[in-house]
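S.K.: Shown below is the structure under consideration.
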Amino acid sequence: MSLARWLGTHFALRQPAQYVVAGFVVASLFGALLLFLPAASQGGGTTSFLTALFTATSAVCVTGLVVVDTAGHWSTFGEVVILALIQMGGFGIMSLTSIIVLVMSRRLGLRHRLVAAAETGSLDTGDVRRVLFGIVKLSVGVEVVVAAALFLRFWLAHGYAPGRAAYLGLFHSVSAFNNAGFGLFPDSLTRYATDPFLLMVIALTVIVGGLGYPVLVQVARRSHSAHRWNVHAKLTLATTALLLLVGWAGFAWFEWTNPETLGPLSAGDSASNAFFHSVVPRTAGFNSIDVAEMREPSRLLTEILMLIGGGSGSTAGGMKVTTFALLACVMWAEVRGQRDVVAFERRIPTAAQRQALTVALLAVGVVVAATLALLAITSLPRTDVLFEVISALGTVGLSTGITPLLSAPAQLLLAVLMILGRVGPPTLFAALVLRERERPYRYPEERPIIG
């Protein structure tokens with residue numbers, strides 16, 4: 001038996017979802033090798049492979065957690081590598097692979113269609129070609145427009161040279177749309193806490209990237225008939241708006257008088273920063289106030305928003321707003337004694353309810369297990385560790401500042417969490433859908449005692 005045939009027999013990826021996982025792992029390793037090169041560090045210095053691997057994983061998983069300052073440690077080459085990894089992560093490794101296959105062979109096989117569908121949150125194989133090109137056009141279009149706006153702001157309002165302003169605009173545009181949270185300032189965006197225009201541009205870019213391509217297509221095609229949007233778009237938009245309002249009000253209430261965050265700012269700047277921080281926990285990772293100085297209620301609110309995340313099929317992570325909304329609909333139907341779970345006059349299938357419950361419980365289970373593991377191998381406070389775990393799993397990137405203090409095993413654990421958080425929801429969704437089957441028999445029914 002030839003080596004190629006032996007490898008194909010023993011290491012074949014038998015499910016499309018496995019390609020997604022393998023793609024992100026390979027991209028992380030390849031990015032780590034590039035960042036490990038002396039040319040990737042300022043002054044040609046040596047970077048440890050663990051630091052390179054952690055940074056590459058954070059970039060390709062569009063997380064934003066860092067163990068070294070992006071602008072202070074990496075050279076321009078290293079920053080470009082990070083930017084490319086962010087873009088690859090945003091597109092989805094499997095989407096890029098499918099596009100390459102499409103360009104070379106002018107057609108997509110069933111397996112590649114299922115892979116792309118798993119990454120984009122849809123299993124409609126007939127439209128995958130259109131979806132893939134649509135994702136590219138949407139991403140590039142939004143990033144170019146936002147980069148131009150940020151370029152003008154950095155140049156005209158903050159006095160950067162045109163070339164530097166253009167680079168800053170492009171980097172932060174790509175990072176914001178892909179919900180990555182990587183920035184070229186050591187304090188993220190805290191130096192621009194009094195620039196509401198810049199904060200709102202980045203916040204709106206994060207929101208658009210976090211809604212997801214399926215929702216944006218619905219809005220674009222049926223902008224004059226919102227009642228014709230499908231239930232996924234309605235759930236995503238309604239839940240996103242609710243979370244933004246709750247987060248905005250919550251952060252303003254808890255932090256308005258905090259002298260370390262919103263306290264010294266004017267009323268207008270406080271309002272804009274409170275809104276900004278209701279947006280970024282939905283996996284963006286930027287911050288305009290010091291996260292470590294936030295009060296405990298604000299931290300808890302941030303953790304909740306980070307765990308929920310953004311829209312399905314988007315650049316955001318988390319367990320997704322549709323999962324959260326669907327579970328809320330299930331509870332509402334149960335409280336009211338209704339047999340069917342209904343959202344926007346549409347009955348939700350039982351299979352979707354079970355899948356949402358599975359995703360949510362697995363997310364909570366992973367958070368608990370990872371927090372216990374980190375507490376066992378570090379001496380850091382529980383609140384900081386829990387915050388870091390949720391940020392990594394939700395691919396958010398917000399941190400209380402403990403990331404550089406973590407030991408090598410702790411950094412590796414966070415890297416695994418970032419990959420799980422990025423590829424977990426789409427691969428789990430694909431696995432649950434593709435493995436659905438009907439039993440030829442049913443067991444007798446018996447109700448346990450609940451409560």
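Labels used: A, B, ... for chains in the order of the structure tokens, numbers from 1 for residues in each chain, and numbers from 1 for ligands as shown.
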Env of Val215 in chain A: 9 Å cut, atoms = only C-alpha atoms, seq-sep filter 4 positions within chain, self excluded. Answer as a list in words.
M.R.: Leu211, Val219, Ala220, Trp229, Asn230, His232, Ala233, Lys234, Thr236, Leu237, Gly311, Ser312 and Gly313 of chain A
S.K.: Excluding Phe254 in chain A and residues on its chain fewer than 6 positions from it, collect all residues at most 9 Å away from it, counting only C-alpha atoms, and give them as a CSV table (one decimal) with N, CA and C atoms, in the first residue's frame.
M.R.:
chain,number,residue,atom,x,y,z
A,294,MET,N,-13.3,48.0,35.8
A,294,MET,CA,-14.8,48.0,35.8
A,294,MET,C,-15.3,47.4,37.1
A,295,ARG,N,-16.5,47.8,37.6
A,295,ARG,CA,-17.1,47.3,38.8
A,295,ARG,C,-17.6,45.9,38.5
A,296,GLU,N,-17.8,45.1,39.6
A,296,GLU,CA,-18.2,43.7,39.5
A,296,GLU,C,-19.4,43.5,38.7
A,297,PRO,N,-20.5,44.3,38.9
A,297,PRO,CA,-21.7,44.1,38.0
A,297,PRO,C,-21.4,44.3,36.6
A,298,SER,N,-20.5,45.2,36.2
A,298,SER,CA,-20.2,45.4,34.8
A,298,SER,C,-19.4,44.2,34.3
S.K.: How close does range 293-328 of chain A get to range 57-65 of chain A? List, as a Markdown table, each residue of range 293-328 of chain A within 9 Å, its nearest atom pair and the distance in Å to one decimal, counting only C-alpha atoms.
M.R.:
| residue | atom | partner | partner_atom | distance |
| --- | --- | --- | --- | --- |
| A:Thr315 | CA | A:Val62 | CA | 7.8 |
| A:Ala316 | CA | A:Val62 | CA | 8.1 |
| A:Gly317 | CA | A:Thr63 | CA | 8.5 |
S.K.: Can you work out which one of A:Trp253, A:Tyr192, A:Phe185, A:Phe387 has the shortest atom-to-atom distance to Pro281 in chain A, counting only C-alpha atoms?
M.R.: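 Closest residue, counting only C-alpha atoms: A:Phe387.
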S.K.: Could you pull out the residues in range 133-379 of chain A that DSSP calls strand (DSSP E or B) from the backbone, as an MDAnalysis selection string?
M.R.: chainID A and resid 342:343 346:347
S.K.: Fewer than 4 positions away in the same chain doesn't count, so skip those; otherwise give me all residues within 8 Å of Glu79 in chain A, counting only C-alpha atoms, as a PyMOL selection string.
M.R.: chain A and resi 40+70-71+74-75+83
S.K.: Filtering to N, CA and C atoms, could you give me those residues as a short mmCIF file (atom, residue, chain, number, x, y, z; two decimals), in the first residue's frame?
M.R.:
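Contents of the output file again-v6.cif:
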data_model
loop_
_atom_site.label_atom_id
_atom_site.label_comp_id
_atom_site.auth_asym_id
_atom_site.auth_seq_id
_atom_site.Cartn_x
_atom_site.Cartn_y
_atom_site.Cartn_z
N ALA A 40 9.55 38.79 11.76
CA ALA A 40 8.23 39.14 12.28
C ALA A 40 8.31 39.96 13.56
N THR A 70 0.89 44.10 20.39
CA THR A 70 0.92 43.89 18.94
C THR A 70 1.83 44.90 18.25
N ALA A 71 1.65 46.18 18.57
CA ALA A 71 2.45 47.22 17.91
C ALA A 71 3.86 47.30 18.47
N TRP A 74 5.67 43.20 17.44
CA TRP A 74 5.75 42.69 16.07
C TRP A 74 6.19 43.77 15.09
N SER A 75 6.93 43.37 14.09
CA SER A 75 7.33 44.27 13.02
C SER A 75 6.16 44.48 12.07
N LEU A 83 -2.80 40.40 10.37
CA LEU A 83 -3.95 40.92 9.63
C LEU A 83 -4.46 39.88 8.64
#
S.K.: Find, counting only C-alpha atoms, the residue in A:Asp384, A:Phe276, A:Gln218, A:Ala352 that gets nearest to Thr371 in chain A.
M.R.: A:Asp384
S.K.: Would you kindly return, as a PyMOL selection string, each protein, DNA or RNA residue with an atom no farther than 8 Å from any atom of Tyr213 in chain A, considering only C-alpha atoms and excluding same-chain residues fewer than 3 positions away?
M.R.: chain A and resi 120+135+216-217+313-314
S.K.: Would you save the residues of that selection, restricted to C-alpha atoms, as a short mmCIF file (atom, residue, chain, number, x, y, z; two decimals), in the first residue's frame?
M.R.:
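Final file, selection04.cif:
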data_model
loop_
_atom_site.label_atom_id
_atom_site.label_comp_id
_atom_site.auth_asym_id
_atom_site.auth_seq_id
_atom_site.Cartn_x
_atom_site.Cartn_y
_atom_site.Cartn_z
CA THR A 120 -21.82 29.88 6.80
CA ILE A 135 -19.27 36.74 1.68
CA LEU A 216 -27.60 40.85 5.93
CA VAL A 217 -28.85 39.17 2.74
CA GLY A 313 -22.81 32.54 10.22
CA SER A 314 -21.05 35.77 11.25
#
S.K.: Mind listing the helix (DSSP H, G or I) residues of range 144-362 of chain A, per DSSP on the backbone, as a ChimeraX atom specification?
M.R.: /A:144-157,162-177,190-192,196-211,213-221,226-228,231-255,267-279,291-293,296-308,321-335,350-362
S.K.: Could the residues in this selection be written to a file with C-alpha atoms, as a tab-separated table (two decimals), in the first residue's frame?
M.R.:
chain	number	residue	atom	x	y	z
A	144	VAL	CA	-12.90	49.30	2.31
A	145	VAL	CA	-15.61	51.81	3.27
A	146	VAL	CA	-14.73	51.64	6.97
A	147	ALA	CA	-11.00	51.83	6.25
A	148	ALA	CA	-11.58	55.02	4.25
A	149	ALA	CA	-13.59	56.58	7.09
A	150	LEU	CA	-10.97	55.65	9.68
A	151	PHE	CA	-8.16	56.86	7.42
A	152	LEU	CA	-9.73	60.31	7.20
A	153	ARG	CA	-10.30	60.38	10.95
A	154	PHE	CA	-6.77	59.35	11.87
A	155	TRP	CA	-5.32	61.76	9.31
A	156	LEU	CA	-7.47	64.88	9.72
A	157	ALA	CA	-8.51	64.66	13.37
A	162	PRO	CA	-1.40	59.92	5.40
A	163	GLY	CA	0.46	56.64	4.96
A	164	ARG	CA	0.31	55.76	8.64
A	165	ALA	CA	-3.33	56.85	8.85
A	166	ALA	CA	-4.23	54.62	5.90
A	167	TYR	CA	-2.48	51.64	7.51
A	168	LEU	CA	-4.20	52.24	10.85
A	169	GLY	CA	-7.54	52.58	9.11
A	170	LEU	CA	-7.14	49.35	7.16
A	171	PHE	CA	-5.89	47.32	10.11
A	172	HIS	CA	-8.65	48.42	12.47
A	173	SER	CA	-11.30	48.09	9.77
A	174	VAL	CA	-10.42	44.46	9.09
A	175	SER	CA	-10.08	43.74	12.79
A	176	ALA	CA	-13.45	45.35	13.61
A	177	PHE	CA	-15.48	43.73	10.82
A	190	THR	CA	-8.74	53.99	25.49
A	191	ARG	CA	-6.80	56.97	24.10
A	192	TYR	CA	-9.80	57.66	21.85
A	196	PRO	CA	-17.27	59.38	19.62
A	197	PHE	CA	-17.01	59.37	15.81
A	198	LEU	CA	-14.17	56.84	15.81
A	199	LEU	CA	-15.84	54.70	18.48
A	200	MET	CA	-19.19	54.66	16.66
A	201	VAL	CA	-17.62	53.77	13.32
A	202	ILE	CA	-15.85	50.79	14.87
A	203	ALA	CA	-18.93	49.82	16.91
A	204	LEU	CA	-21.21	49.84	13.84
A	205	THR	CA	-18.62	47.82	11.90
A	206	VAL	CA	-18.55	45.25	14.71
A	207	ILE	CA	-22.35	45.07	14.70
A	208	VAL	CA	-22.50	44.51	10.92
A	209	GLY	CA	-19.82	41.82	11.10
A	210	GLY	CA	-21.59	40.19	14.04
A	211	LEU	CA	-25.00	39.94	12.38
A	213	TYR	CA	-24.24	37.04	6.07
A	214	PRO	CA	-27.64	35.25	6.12
A	215	VAL	CA	-29.20	38.13	8.04
A	216	LEU	CA	-27.60	40.85	5.93
A	217	VAL	CA	-28.85	39.17	2.74
A	218	GLN	CA	-32.38	39.10	4.11
A	219	VAL	CA	-32.22	42.77	5.03
A	220	ALA	CA	-30.69	43.79	1.70
A	221	ARG	CA	-33.15	41.84	-0.44
A	226	ALA	CA	-39.43	43.46	7.03
A	227	HIS	CA	-42.40	41.18	7.68
A	228	ARG	CA	-41.07	38.88	4.95
A	231	VAL	CA	-37.40	33.83	11.43
A	232	HIS	CA	-33.61	33.59	11.73
A	233	ALA	CA	-33.15	37.21	10.62
A	234	LYS	CA	-35.94	38.43	12.89
A	235	LEU	CA	-34.60	36.56	15.91
A	236	THR	CA	-31.05	37.77	15.29
A	237	LEU	CA	-31.97	41.42	14.78
A	238	ALA	CA	-34.46	41.58	17.64
A	239	THR	CA	-32.16	39.85	20.12
A	240	THR	CA	-29.15	41.89	19.02
A	241	ALA	CA	-31.07	45.14	19.50
A	242	LEU	CA	-32.29	44.00	22.94
A	243	LEU	CA	-28.80	43.01	24.08
A	244	LEU	CA	-27.33	46.29	22.86
A	245	LEU	CA	-29.94	48.30	24.76
A	246	VAL	CA	-29.57	46.22	27.93
A	247	GLY	CA	-25.79	46.42	27.73
A	248	TRP	CA	-25.85	50.16	27.05
A	249	ALA	CA	-28.14	50.87	29.99
A	250	GLY	CA	-26.28	48.44	32.26
A	251	PHE	CA	-22.80	49.80	31.62
A	252	ALA	CA	-24.01	53.39	31.94
A	253	TRP	CA	-25.76	52.60	35.22
A	254	PHE	CA	-22.87	50.68	36.79
A	255	GLU	CA	-19.95	52.78	35.52
A	267	ALA	CA	-22.08	63.01	29.66
A	268	GLY	CA	-21.86	62.57	25.90
A	269	ASP	CA	-18.57	60.69	26.04
A	270	SER	CA	-19.88	58.52	28.88
A	271	ALA	CA	-22.94	57.61	26.81
A	272	SER	CA	-20.88	56.78	23.72
A	273	ASN	CA	-18.41	54.68	25.71
A	274	ALA	CA	-21.22	52.83	27.48
A	275	PHE	CA	-22.72	51.99	24.08
A	276	PHE	CA	-19.31	50.99	22.74
A	277	HIS	CA	-18.89	48.56	25.61
A	278	SER	CA	-22.32	47.10	25.01
A	279	VAL	CA	-21.11	46.23	21.49
A	291	VAL	CA	-11.67	46.56	31.74
A	292	ALA	CA	-9.71	45.69	34.89
A	293	GLU	CA	-11.14	48.76	36.63
A	296	GLU	CA	-18.15	43.71	39.47
A	297	PRO	CA	-21.69	44.11	38.04
A	298	SER	CA	-20.18	45.40	34.79
A	299	ARG	CA	-17.80	42.43	34.67
A	300	LEU	CA	-20.68	40.01	35.12
A	301	LEU	CA	-22.70	41.78	32.42
A	302	THR	CA	-19.66	41.62	30.12
A	303	GLU	CA	-19.27	37.89	30.76
A	304	ILE	CA	-22.93	37.27	29.93
A	305	LEU	CA	-22.66	39.21	26.67
A	306	MET	CA	-19.40	37.46	25.77
A	307	LEU	CA	-20.94	34.03	26.31
A	308	ILE	CA	-23.98	34.85	24.16
A	321	VAL	CA	-27.84	35.10	19.79
A	322	THR	CA	-30.23	32.75	18.00
A	323	THR	CA	-29.39	30.00	20.49
A	324	PHE	CA	-30.07	32.39	23.36
A	325	ALA	CA	-33.29	33.67	21.77
A	326	LEU	CA	-34.54	30.18	21.00
A	327	LEU	CA	-34.00	29.03	24.58
A	328	ALA	CA	-35.90	32.10	25.77
A	329	CYS	CA	-38.76	31.16	23.44
A	330	VAL	CA	-38.74	27.61	24.82
A	331	MET	CA	-38.99	28.89	28.40
A	332	TRP	CA	-41.74	31.36	27.47
A	333	ALA	CA	-43.79	28.62	25.82
A	334	GLU	CA	-43.31	26.34	28.82
A	335	VAL	CA	-44.30	29.03	31.30
A	350	THR	CA	-38.19	20.24	18.18
A	351	ALA	CA	-34.83	19.34	16.65
A	352	ALA	CA	-33.78	23.00	16.63
A	353	GLN	CA	-34.76	23.35	20.28
A	354	ARG	CA	-32.67	20.32	21.23
A	355	GLN	CA	-29.71	21.62	19.24
A	356	ALA	CA	-29.90	25.01	20.97
A	357	LEU	CA	-30.02	23.34	24.37
A	358	THR	CA	-27.03	21.16	23.45
A	359	VAL	CA	-24.94	24.14	22.31
A	360	ALA	CA	-25.76	26.16	25.42
A	361	LEU	CA	-25.10	23.38	27.92
A	362	LEU	CA	-21.85	22.40	26.21
S.K.: Report, in Å to a single decimal, how far apart CA of Asn287 in chain A and CA of Leu189 in chain A are.
M.R.: 5.7 Å
S.K.: So the first atom is CA of Gly159 in chain A and the second is CA of Gly72 in chain A; what is the distance between them in Å, to one decimal place?
M.R.: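 Those two atoms sit 20.4 Å apart.
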